[in-house]
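Participant: Sharing protein_27.tsv here; it has TSV, C-alpha atoms and all ligand atoms.
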```tsv
chain	number	residue	atom	x	y	z
J	1	MET	CA	48.25	-24.98	-49.36
J	2	LEU	CA	46.98	-21.92	-47.53
J	3	ASP	CA	44.93	-22.61	-44.42
J	4	PHE	CA	41.51	-20.96	-44.81
J	5	THR	CA	41.52	-20.03	-41.11
J	6	LYS	CA	44.48	-17.68	-41.82
J	7	LEU	CA	42.70	-16.05	-44.75
J	8	LEU	CA	39.26	-15.65	-43.18
J	9	PRO	CA	40.19	-13.03	-40.54
J	10	LEU	CA	41.53	-10.82	-43.36
J	11	LEU	CA	38.21	-10.72	-45.17
J	12	ASP	CA	35.86	-7.88	-44.43
J	13	HIS	CA	32.15	-7.35	-45.03
J	14	VAL	CA	32.65	-3.71	-46.14
J	15	GLU	CA	35.97	-3.41	-47.96
J	16	TYR	CA	36.92	-5.66	-50.87
J	17	ARG	CA	40.29	-7.45	-50.75
J	18	SER	CA	41.77	-8.20	-54.16
J	19	GLY	CA	43.19	-11.61	-55.00
J	20	GLN	CA	46.54	-9.96	-55.72
J	21	GLN	CA	46.58	-8.11	-52.37
J	22	LEU	CA	45.91	-11.37	-50.51
J	23	ALA	CA	48.42	-13.33	-52.61
J	24	THR	CA	51.11	-10.76	-51.80
J	25	HIS	CA	50.20	-10.81	-48.11
J	26	PHE	CA	50.63	-14.58	-47.85
J	27	ASN	CA	53.38	-14.81	-50.46
J	28	VAL	CA	51.38	-17.33	-52.50
J	29	THR	CA	49.95	-17.38	-56.03
J	30	ARG	CA	46.52	-16.02	-56.94
J	31	ALA	CA	45.52	-19.59	-57.78
J	32	THR	CA	46.21	-20.53	-54.15
J	33	ILE	CA	43.96	-17.67	-52.99
J	34	HIS	CA	41.30	-18.82	-55.44
J	35	ASN	CA	41.45	-22.39	-54.08
J	36	CYS	CA	41.30	-21.13	-50.54
J	37	MET	CA	38.21	-19.04	-51.39
J	38	ALA	CA	36.64	-22.20	-52.84
J	39	ARG	CA	37.25	-23.88	-49.47
J	40	ILE	CA	35.56	-20.95	-47.66
J	41	ASP	CA	32.71	-21.18	-50.13
J	42	ALA	CA	32.33	-24.88	-49.42
J	43	LEU	CA	31.88	-24.08	-45.72
J	44	GLY	CA	28.70	-22.25	-46.70
J	45	ILE	CA	30.02	-18.79	-45.83
J	46	GLU	CA	28.50	-16.23	-48.19
J	47	LEU	CA	31.19	-14.42	-50.21
J	48	GLU	CA	30.83	-11.70	-52.78
J	49	ARG	CA	33.28	-11.69	-55.72
J	50	ILE	CA	33.47	-8.67	-57.97
J	51	PRO	CA	35.87	-8.88	-60.94
J	52	GLY	CA	38.44	-6.10	-60.67
J	53	ARG	CA	37.64	-5.40	-57.00
J	54	GLY	CA	38.05	-8.69	-55.20
J	55	TYR	CA	36.36	-10.56	-52.39
J	56	ARG	CA	34.24	-9.53	-49.45
J	57	LEU	CA	32.04	-11.29	-46.90
J	58	CYS	CA	28.29	-10.84	-47.24
J	59	ALA	CA	27.99	-10.52	-43.44
J	60	PRO	CA	30.52	-9.92	-40.67
J	61	LEU	CA	32.06	-13.03	-39.12
J	62	ASP	CA	32.00	-13.36	-35.36
J	63	LEU	CA	34.86	-15.76	-34.65
J	64	LEU	CA	35.41	-17.41	-31.26
J	65	SER	CA	38.24	-16.02	-29.15
J	66	LYS	CA	39.63	-18.17	-26.36
J	67	LYS	CA	40.88	-15.03	-24.63
J	68	GLU	CA	37.47	-13.34	-24.73
J	69	ILE	CA	35.77	-16.48	-23.45
J	70	VAL	CA	38.14	-16.78	-20.49
J	71	THR	CA	37.77	-13.05	-19.73
J	72	ASN	CA	34.02	-13.54	-19.52
J	73	LEU	CA	34.20	-16.44	-17.08
J	74	THR	CA	34.17	-15.68	-13.36
J	75	ALA	CA	37.25	-16.48	-11.26
J	76	GLU	CA	35.17	-19.18	-9.57
J	77	VAL	CA	34.57	-20.96	-12.88
J	78	THR	CA	38.14	-20.60	-14.21
J	79	ALA	CA	39.45	-21.95	-10.89
J	80	CYS	CA	37.84	-25.30	-11.64
J	81	MET	CA	38.75	-25.39	-15.34
J	82	HIS	CA	41.09	-28.31	-16.09
J	83	ALA	CA	41.50	-28.06	-19.88
J	84	PHE	CA	40.07	-25.71	-22.49
J	85	LYS	CA	40.24	-26.35	-26.22
J	86	CYS	CA	38.90	-23.80	-28.69
J	87	LEU	CA	39.33	-25.44	-32.09
J	88	GLN	CA	38.61	-24.67	-35.72
J	89	GLN	CA	37.20	-27.87	-37.12
J	90	VAL	CA	36.43	-31.22	-35.48
J	91	ASP	CA	34.14	-34.10	-36.36
J	92	SER	CA	32.20	-33.65	-33.12
J	93	THR	CA	33.19	-31.73	-29.98
J	94	ASN	CA	31.73	-34.65	-27.97
J	95	ASN	CA	34.21	-37.03	-29.69
J	96	THR	CA	37.14	-34.68	-29.02
J	97	ALA	CA	35.99	-34.31	-25.42
J	98	PHE	CA	35.90	-38.10	-24.98
J	99	GLU	CA	39.57	-38.27	-25.97
J	100	LEU	CA	40.59	-35.84	-23.21
J	101	GLU	CA	41.82	-37.24	-19.92
J	102	GLN	CA	39.22	-37.33	-17.19
J	103	PRO	CA	39.37	-34.07	-15.20
J	104	PRO	CA	39.80	-34.43	-11.42
J	105	SER	CA	36.57	-34.47	-9.39
J	106	GLY	CA	35.07	-31.01	-9.07
J	107	SER	CA	36.81	-29.61	-12.15
J	108	PHE	CA	35.80	-29.60	-15.80
J	109	SER	CA	37.27	-29.53	-19.29
J	110	VAL	CA	35.63	-27.93	-22.28
J	111	VAL	CA	35.90	-28.26	-26.05
J	112	LEU	CA	34.53	-25.63	-28.42
J	113	ALA	CA	34.78	-25.59	-32.21
J	114	GLU	CA	33.93	-23.20	-35.03
J	115	ASN	CA	32.71	-26.08	-37.15
J	116	GLN	CA	31.74	-29.76	-36.75
J	117	THR	CA	31.99	-32.00	-39.79
J	118	ALA	CA	29.96	-34.78	-38.14
J	119	GLY	CA	28.05	-33.07	-35.33
J	120	LYS	CA	25.91	-35.60	-33.47
J	121	GLY	CA	22.29	-35.10	-32.48
J	122	ARG	CA	20.17	-37.36	-30.30
J	123	ARG	CA	18.90	-40.68	-31.64
J	124	GLY	CA	21.63	-40.96	-34.28
J	125	ARG	CA	20.73	-37.72	-36.01
J	126	THR	CA	23.24	-35.30	-37.51
J	127	TRP	CA	23.64	-31.87	-35.91
J	128	ILE	CA	24.22	-29.39	-38.71
J	129	SER	CA	27.18	-27.26	-37.62
J	130	PRO	CA	28.16	-24.48	-40.06
J	131	TYR	CA	31.41	-22.58	-39.53
J	132	ALA	CA	31.37	-19.67	-37.04
J	133	ALA	CA	27.57	-19.60	-36.97
J	134	ASN	CA	26.58	-21.21	-33.70
J	135	ILE	CA	27.85	-22.62	-30.42
J	136	TYR	CA	29.15	-26.20	-30.37
J	137	ALA	CA	30.46	-26.96	-26.90
J	138	SER	CA	31.17	-30.10	-24.88
J	139	VAL	CA	31.87	-30.01	-21.17
J	140	VAL	CA	33.65	-32.99	-19.56
J	141	TRP	CA	32.85	-33.74	-15.93
J	142	SER	CA	33.75	-36.58	-13.55
J	143	MET	CA	30.37	-37.26	-12.00
J	144	ARG	CA	30.47	-38.71	-8.51
J	145	ARG	CA	27.17	-40.49	-9.10
J	146	PRO	CA	26.56	-43.85	-10.77
J	147	MET	CA	25.38	-43.94	-14.36
J	148	HIS	CA	21.95	-45.36	-13.46
J	149	GLU	CA	21.17	-42.15	-11.53
J	150	LEU	CA	21.76	-39.86	-14.49
J	151	SER	CA	18.36	-40.04	-16.23
J	152	GLY	CA	17.43	-36.59	-14.90
J	153	LEU	CA	20.66	-34.93	-15.99
J	154	SER	CA	19.64	-34.18	-19.53
J	155	PRO	CA	16.30	-32.46	-18.71
J	156	TYR	CA	17.98	-30.72	-15.78
J	157	LEU	CA	20.73	-29.21	-17.98
J	158	ALA	CA	18.11	-28.21	-20.55
J	159	ILE	CA	16.27	-26.26	-17.82
J	160	CYS	CA	19.53	-24.54	-16.81
J	161	VAL	CA	20.27	-23.57	-20.43
J	162	VAL	CA	16.74	-22.31	-21.19
J	163	GLU	CA	16.78	-20.20	-18.01
J	164	ALA	CA	20.20	-18.77	-18.92
J	165	LEU	CA	19.02	-17.85	-22.44
J	166	HIS	CA	15.92	-16.23	-20.95
J	167	ALA	CA	18.10	-14.22	-18.57
J	168	MET	CA	20.06	-13.01	-21.62
J	169	GLY	CA	16.84	-11.50	-22.98
J	170	LEU	CA	15.49	-14.17	-25.33
J	171	SER	CA	11.73	-14.72	-25.16
J	172	GLY	CA	9.37	-17.35	-26.57
J	173	LEU	CA	11.47	-20.17	-25.11
J	174	SER	CA	10.20	-23.62	-24.20
J	175	LEU	CA	11.39	-27.19	-23.60
J	176	LYS	CA	10.43	-30.46	-25.22
J	177	TRP	CA	11.30	-33.63	-23.33
J	178	PRO	CA	13.95	-34.77	-22.78
J	179	ASN	CA	16.19	-31.81	-23.62
J	180	ASP	CA	15.16	-29.92	-26.76
J	181	ILE	CA	15.15	-26.15	-26.47
J	182	TYR	CA	12.61	-24.35	-28.63
J	183	CYS	CA	12.09	-20.70	-29.44
J	184	ASN	CA	8.71	-19.70	-30.81
J	185	HIS	CA	7.95	-23.37	-31.54
J	186	LYS	CA	11.10	-24.00	-33.58
J	187	LYS	CA	14.20	-25.88	-32.47
J	188	LEU	CA	16.88	-23.51	-31.19
J	189	ALA	CA	19.24	-25.72	-29.21
J	190	GLY	CA	19.82	-29.27	-28.04
J	191	LEU	CA	21.93	-31.32	-25.68
J	192	LEU	CA	23.60	-34.65	-26.24
J	193	ILE	CA	24.77	-36.24	-22.99
J	194	GLU	CA	27.18	-39.15	-23.32
J	195	CYS	CA	28.68	-41.09	-20.40
J	196	SER	CA	31.26	-43.77	-19.82
J	197	GLY	CA	32.29	-45.56	-16.66
J	198	GLU	CA	31.11	-48.04	-14.10
J	199	LEU	CA	27.42	-48.70	-13.70
J	200	SER	CA	27.69	-48.25	-9.96
J	201	GLY	CA	30.75	-46.01	-9.43
J	202	SER	CA	31.40	-42.51	-10.69
J	203	CYS	CA	31.50	-41.79	-14.42
J	204	LYS	CA	32.80	-39.49	-17.11
J	205	VAL	CA	30.02	-37.28	-18.46
J	206	ILE	CA	30.23	-35.37	-21.74
J	207	ALA	CA	27.55	-32.68	-21.91
J	208	GLY	CA	27.40	-31.55	-25.54
J	209	LEU	CA	25.44	-28.39	-26.25
J	210	GLY	CA	24.53	-26.93	-29.63
J	211	VAL	CA	22.85	-23.51	-29.81
J	212	ASN	CA	21.90	-21.90	-33.13
J	213	VAL	CA	23.01	-18.26	-33.12
J	214	ALA	CA	23.23	-16.91	-36.66
J	215	MET	CA	22.40	-19.51	-39.30
J	216	LYS	CA	20.85	-17.08	-41.76
J	217	ASN	CA	24.16	-16.05	-43.40
J	218	TYR	CA	24.81	-19.61	-44.53
J	219	ARG	CA	23.81	-21.38	-47.68
J	220	ASN	CA	22.66	-24.97	-48.10
J	221	ILE	CA	21.37	-25.54	-44.57
J	222	GLU	CA	19.17	-28.62	-44.70
J	223	ILE	CA	17.62	-29.63	-41.41
J	224	ASP	CA	14.78	-32.14	-41.21
J	225	GLN	CA	12.78	-30.17	-38.65
J	226	GLN	CA	11.63	-26.59	-38.11
J	227	TRP	CA	14.63	-24.69	-36.76
J	228	THR	CA	15.50	-21.18	-35.70
J	229	ASP	CA	18.42	-19.16	-34.35
J	230	ILE	CA	18.93	-16.50	-31.67
J	231	LYS	CA	19.45	-13.59	-34.03
J	232	SER	CA	16.18	-14.16	-35.91
J	233	ASN	CA	14.27	-14.04	-32.64
J	234	MET	CA	16.10	-11.14	-31.07
J	235	PRO	CA	17.33	-8.55	-33.59
J	236	GLY	CA	18.83	-6.48	-30.74
J	237	TRP	CA	21.05	-9.37	-29.62
J	238	GLU	CA	24.46	-7.91	-28.79
J	239	LEU	CA	26.52	-10.68	-27.24
J	240	SER	CA	29.43	-12.01	-29.24
J	241	ARG	CA	29.63	-15.78	-29.68
J	242	SER	CA	32.53	-15.79	-27.23
J	243	GLN	CA	30.49	-13.97	-24.57
J	244	LEU	CA	27.59	-16.33	-25.14
J	245	ALA	CA	29.91	-19.35	-25.01
J	246	ALA	CA	31.29	-18.17	-21.65
J	247	GLN	CA	27.80	-17.84	-20.16
J	248	LEU	CA	26.76	-21.24	-21.49
J	249	ILE	CA	29.89	-22.97	-20.19
J	250	ALA	CA	29.29	-21.44	-16.75
J	251	THR	CA	25.63	-22.55	-16.92
J	252	VAL	CA	26.41	-26.15	-17.83
J	253	VAL	CA	29.17	-26.40	-15.19
J	254	ALA	CA	26.84	-25.00	-12.50
J	255	GLY	CA	24.18	-27.50	-13.63
J	256	LEU	CA	26.61	-30.43	-13.40
J	257	GLN	CA	27.75	-29.31	-9.94
J	258	ALA	CA	24.16	-29.01	-8.69
J	259	PHE	CA	23.22	-32.38	-10.15
J	260	GLU	CA	26.21	-34.02	-8.53
J	261	LYS	CA	25.22	-32.56	-5.15
J	262	LYS	CA	21.64	-33.71	-5.74
J	263	SER	CA	20.41	-30.15	-5.22
J	264	VAL	CA	17.85	-30.42	-7.99
J	265	SER	CA	14.67	-30.95	-5.98
J	266	ASP	CA	12.95	-28.06	-7.81
J	267	MET	CA	13.49	-29.71	-11.22
J	268	VAL	CA	9.87	-30.81	-11.72
J	269	GLN	CA	8.41	-27.32	-11.12
J	270	ARG	CA	11.10	-25.58	-13.15
J	271	TRP	CA	10.44	-27.95	-16.06
J	272	ALA	CA	6.68	-27.28	-15.80
J	273	HIS	CA	7.31	-23.57	-16.38
J	274	TRP	CA	8.86	-24.19	-19.82
J	275	ASP	CA	7.07	-27.38	-20.87
J	276	LEU	CA	6.02	-27.07	-24.53
J	277	MET	CA	3.99	-30.28	-24.59
J	278	CYS	CA	2.18	-30.26	-21.24
J	279	ASP	CA	-1.42	-31.51	-21.59
J	280	SER	CA	-0.90	-32.25	-25.30
J	281	GLU	CA	-1.94	-35.49	-26.90
J	282	VAL	CA	1.22	-37.15	-28.21
J	283	ASN	CA	2.82	-40.28	-29.58
J	284	ILE	CA	6.01	-41.50	-27.92
J	285	ILE	CA	8.14	-43.25	-30.48
J	286	SER	CA	10.83	-45.62	-29.21
J	287	GLU	CA	12.50	-48.87	-30.25
J	288	SER	CA	9.74	-50.80	-28.49
J	289	GLY	CA	6.98	-49.13	-30.53
J	290	VAL	CA	4.55	-46.21	-30.30
J	291	GLN	CA	2.62	-45.23	-27.18
J	292	HIS	CA	-0.29	-42.77	-27.20
J	293	GLY	CA	-1.18	-40.52	-24.31
J	294	ILE	CA	-1.32	-37.05	-22.81
J	295	VAL	CA	1.83	-35.38	-21.46
J	296	ARG	CA	1.62	-34.56	-17.75
J	297	GLY	CA	5.11	-33.18	-17.12
J	298	ILE	CA	8.13	-35.05	-15.78
J	299	ASP	CA	8.94	-36.91	-12.55
J	300	ALA	CA	11.85	-36.32	-10.16
J	301	ALA	CA	14.03	-38.76	-12.13
J	302	GLY	CA	13.47	-36.78	-15.33
J	303	CYS	CA	11.10	-39.37	-16.88
J	304	LEU	CA	8.19	-38.12	-18.97
J	305	LEU	CA	4.77	-38.62	-17.35
J	306	LEU	CA	2.35	-39.95	-19.94
J	307	GLU	CA	-1.31	-40.40	-19.10
J	308	THR	CA	-2.56	-43.48	-20.93
J	309	LYS	CA	-5.71	-45.61	-20.66
J	310	GLN	CA	-3.75	-47.82	-18.24
J	311	GLY	CA	-2.79	-44.88	-16.00
J	312	ILE	CA	0.33	-42.74	-15.68
J	313	GLU	CA	3.39	-44.26	-17.37
J	314	HIS	CA	6.93	-43.06	-16.56
J	315	ILE	CA	8.76	-42.92	-19.90
J	316	ALA	CA	12.57	-43.05	-19.76
J	317	ILE	CA	13.44	-43.13	-23.48
J	318	GLY	CA	11.68	-41.99	-26.63
J	319	GLU	CA	10.83	-39.23	-29.03
J	320	VAL	CA	7.73	-37.10	-28.36
J	321	SER	CA	5.65	-36.00	-31.31
J	322	LEU	CA	2.28	-34.27	-31.32
J	323	ARG	CA	-0.46	-36.64	-32.46
J	324	GLY	CA	-1.29	-36.08	-36.08
J	325	SER	CA	1.92	-34.18	-36.80
J	326	GLU	CA	4.16	-37.13	-37.78
J	401	LIG	C1	19.86	-32.83	-30.30
J	401	LIG	O1	19.01	-32.01	-30.01
J	401	LIG	O2	19.65	-33.72	-31.13
J	401	LIG	C2	21.20	-32.76	-29.60
J	401	LIG	C3	22.13	-31.84	-30.32
J	401	LIG	C4	23.48	-31.73	-29.64
J	401	LIG	C5	24.48	-31.00	-30.51
J	401	LIG	C6	25.76	-30.70	-29.79
J	401	LIG	S1	26.80	-29.60	-30.68
J	401	LIG	C7	28.08	-29.90	-29.55
J	401	LIG	C8	28.05	-31.37	-29.23
J	401	LIG	N1	28.81	-32.12	-30.20
J	401	LIG	C9	28.05	-32.92	-30.93
J	401	LIG	O3	28.46	-33.66	-31.84
J	401	LIG	N2	26.78	-32.82	-30.53
J	401	LIG	C10	26.63	-31.89	-29.44
```
Please render this file's structure as C-alpha cells.
Facilitator:
Amino acid sequence: MLDFTKLLPLLDHVEYRSGQQLATHFNVTRATIHNCMARIDALGIELERIPGRGYRLCAPLDLLSKKEIVTNLTAEVTACMHAFKCLQQVDSTNNTAFELEQPPSGSFSVVLAENQTAGKGRRGRTWISPYAANIYASVVWSMRRPMHELSGLSPYLAICVVEALHAMGLSGLSLKWPNDIYCNHKKLAGLLIECSGELSGSCKVIAGLGVNVAMKNYRNIEIDQQWTDIKSNMPGWELSRSQLAAQLIATVVAGLQAFEKKSVSDMVQRWAHWDLMCDSEVNIISESGVQHGIVRGIDAAGCLLLETKQGIEHIAIGEVSLRGSE
C-alpha cells in the first residue's frame, strides 16, 4: 500500500503527472497509484483526471511544515515549548494532546494535524476537519489554578484569537459567547477547552482551536450552521498555514500565561468590543431548559449576563441563539 501522504506532495495544480510516471517513481503498479488517488479523493481534495495526461490538483495544497512553524515562533515561545507534534491524521488533536505527558509548569506542548477524522466541537458536535484546509491545533498547559476558576478561560482565549486574527488583517470579526469566532456573521473558528485534574489543585488544560482557512477547495462539506473561512473573507490573504499556525500557537500560549497570572482584568471590556450578541434578544438553551432575555455582555468570570424579567442572571453554561432564529 502506498501512503497517500507520500504521493500528495508530488501532485501539482499546473502540471499533470501520469499514472505511469508516479508508478515508476514509487516502484509500484498503476493500480496502486489508482487506489491511492481514490484515497485522496475520499479526503475531499479536488483532483482532475485527464485520460492520456494524468492527474493534477484543482488548487494548490498548502501543507503544514513543522520547520516553517518553528521558524515563525519567537525564541521566547520556543524556549517554553515542551513537545511539538505535527501529524497527518488523528481522530482529534485534543485526544492526542490528552495522551501526552503533562508539560512542566510554565511550558506547553502542542499537537497539530492536517486532518481530524473525529474532530470535536462544543456540546458534543462534530468539527468538520478536511485535509490540509484549516488549522486544527491543541495546546497542552499545566494550569496553576484550580479547575473551578477556569470558567473565564474559554472566552478569554477567544478574545486573544479574535484580536490576533484582526491584527493579521481580517475584518468583520466578532465573538459569540462563550468562544465562537465569527466573520461577517458566519462561524470562522471555535475553541474546545478540556481539563483534567484536581478540583482545587492545578490542572491539565487542553486548549483546542479550529480555524477555517480554505474550505472552498473541498467537496462534500456538510456543516449544520452558516460557516466561512479566512480566504473567502480576505482574498489578499498571504500567510501560509504554517505561518498562521505559528501565530495562533503563540497567541494561545500567551493567553494561557496571562490567565494563569490572573492578568485578565480587561477581559470584560475587550469582550464588549467584539460581542456579536450584545443587546440582542436571545434564548439560552441548556440541559436545564430555555431561558429568554437580552444579552448584556459578560462578567469577570466569563459568565454571560442575561437580562431577564427577574433581573440580571449570570449564565455559566448554554448555547445562545437569537430569538426567532432556532
Ligand atoms: C466549537 O466551536 O464547537 C469548538 C471547535 C473546536 C475545534 C478544535 S479543532 C482542534 C481541536 N481538536 C478537536 O477535536 N476540537 C478542537
Participant: With distances taken over only C-alpha atoms and all ligand atoms, which residue among J:Met1, J:Leu170, J:Leu8, J:Ile249 lies nearest ligand LIG 401 (chain J)?
Facilitator: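 Residue with the minimum atom-to-atom distance to ligand LIG 401 (chain J): J:Ile249.
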Participant: Between CA of Met215 (chain J) and CA of Val70 (chain J), what is the distance, to one decimal in Å?
Facilitator: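 Calculated distance between CA of Met215 (chain J) and CA of Val70 (chain J) is 24.7 Å.
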Participant: Might you pull out every residue within 8 Å of region 276-280 of chain J, with only C-alpha atoms counted and same-chain residues fewer than 2 positions away left off, and present them as JSON, numbers by chain?
Facilitator: {"J": [174, 175, 176, 272, 274, 282, 294, 295, 296, 297, 322]}
Participant: Find the spatial neighbours of His82 (chain J), counting all atoms listed in the file, within a cut-off of 12 Å - ignore same-chain residues fewer than 5 positions away - and output them as a PDB file with C-alpha atoms, in the coordinates of the input.
Facilitator:
```
ATOM      1  CA  VAL J  77      34.570 -20.960 -12.880  1.00  0.00           C
ATOM      2  CA  LEU J 100      40.590 -35.840 -23.210  1.00  0.00           C
ATOM      3  CA  GLU J 101      41.820 -37.240 -19.920  1.00  0.00           C
ATOM      4  CA  GLN J 102      39.220 -37.330 -17.190  1.00  0.00           C
ATOM      5  CA  PRO J 103      39.370 -34.070 -15.200  1.00  0.00           C
ATOM      6  CA  PRO J 104      39.800 -34.430 -11.420  1.00  0.00           C
ATOM      7  CA  SER J 105      36.570 -34.470  -9.390  1.00  0.00           C
ATOM      8  CA  GLY J 106      35.070 -31.010  -9.070  1.00  0.00           C
ATOM      9  CA  SER J 107      36.810 -29.610 -12.150  1.00  0.00           C
ATOM     10  CA  PHE J 108      35.800 -29.600 -15.800  1.00  0.00           C
ATOM     11  CA  SER J 109      37.270 -29.530 -19.290  1.00  0.00           C
ATOM     12  CA  VAL J 110      35.630 -27.930 -22.280  1.00  0.00           C
ATOM     13  CA  VAL J 111      35.900 -28.260 -26.050  1.00  0.00           C
ATOM     14  CA  VAL J 139      31.870 -30.010 -21.170  1.00  0.00           C
ATOM     15  CA  VAL J 140      33.650 -32.990 -19.560  1.00  0.00           C
ATOM     16  CA  TRP J 141      32.850 -33.740 -15.930  1.00  0.00           C
ATOM     17  CA  SER J 142      33.750 -36.580 -13.550  1.00  0.00           C
TER      18      SER J 142
END
```
Participant: Taking all atoms listed in the file and a cut-off of 10 Å, can you tell me which residues surround ligand LIG 401 (chain J), written as a count of residues only?
Facilitator: 52
Participant: Pick from J:Val253, J:Ala83, J:Met234, J:Ala316: nearest to Gly169 (chain J), with only C-alpha atoms counted?
Facilitator: J:Met234
Participant: Ranking J:Val205, J:Gly54, J:His273, J:Pro9 by minimum distance to Arg30 (chain J) and counting only C-alpha atoms, which one comes first?
Facilitator: J:Gly54
Participant: By how many Å are CA of Ser263 (chain J) and CA of Leu73 (chain J) apart?
Facilitator: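 Atom-to-atom, CA of Ser263 (chain J) and CA of Leu73 (chain J) are spaced 22.8 Å apart.
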Participant: For the atom pair CA of Asp41 (chain J) and CA of Asp62 (chain J), what is the interatomic distance in Å to one decimal place?
Facilitator: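 Computing the Euclidean distance for CA of Asp41 (chain J) and CA of Asp62 (chain J) yields 16.7 Å.
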Participant: So that I can check the surroundings of Gly311 (chain J), please list as a VMD selection string every protein, DNA and RNA residue that reaches within 12 Å of it, counting only C-alpha atoms and ignoring chain neighbours fewer than 2 positions away.
Facilitator: chain J and resid 292 to 296 305 to 309 313 to 314
Participant: Given the choices J:Leu47, J:Asp3, J:Pro146, J:Val162, which gets closest to Gln88 (chain J) if the distance is worked out from only C-alpha atoms?
Facilitator: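 The closest residue to Gln88 (chain J) is J:Asp3.
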Participant: Need to verify the contact set: Ala59 (chain J), 12 Å, all atoms listed in the file, exclusion of same-chain residues closer than 6 positions in sequence. Can you return it as an NGL selection string?
Facilitator: :J and (11-15 or 45-48 or 132-133 or 214-218)
Participant: For Glu149 (chain J), which residue among J:Val320, J:Ile223, J:Ala254, J:Ala300 is the nearest when counting only C-alpha atoms?
Facilitator: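 Under the stated criterion, the closest residue is J:Ala300.
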Participant: Between J:Cys203, J:Leu64, J:Cys183, J:Val161, which residue has the minimum interatomic distance to Gln243 (chain J), considering only C-alpha atoms?
Facilitator: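 Of the candidates, the smallest distance to Gln243 (chain J) is held by J:Leu64.
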Participant: Give me the residues within 9 Å of Ser286 (chain J) as a list in words, counting all atoms listed in the file and dropping any in the same chain fewer than 6 places off.
Facilitator: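 Neighbouring residues, sequence-local ones excluded: Ile317, Gly318 and Glu319 of chain J.
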Participant: Taking the point (40.5, -19.6, -20.5) as given in the file, collect each protein or nucleic acid residue that comes within 7 Å of it, counting only C-alpha atoms, and present the set as a list in words.
Facilitator: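 Those residues, ordered by chain and then number, are Lys66, Lys67, Ile69, Val70, Thr78 and Phe84 of chain J.
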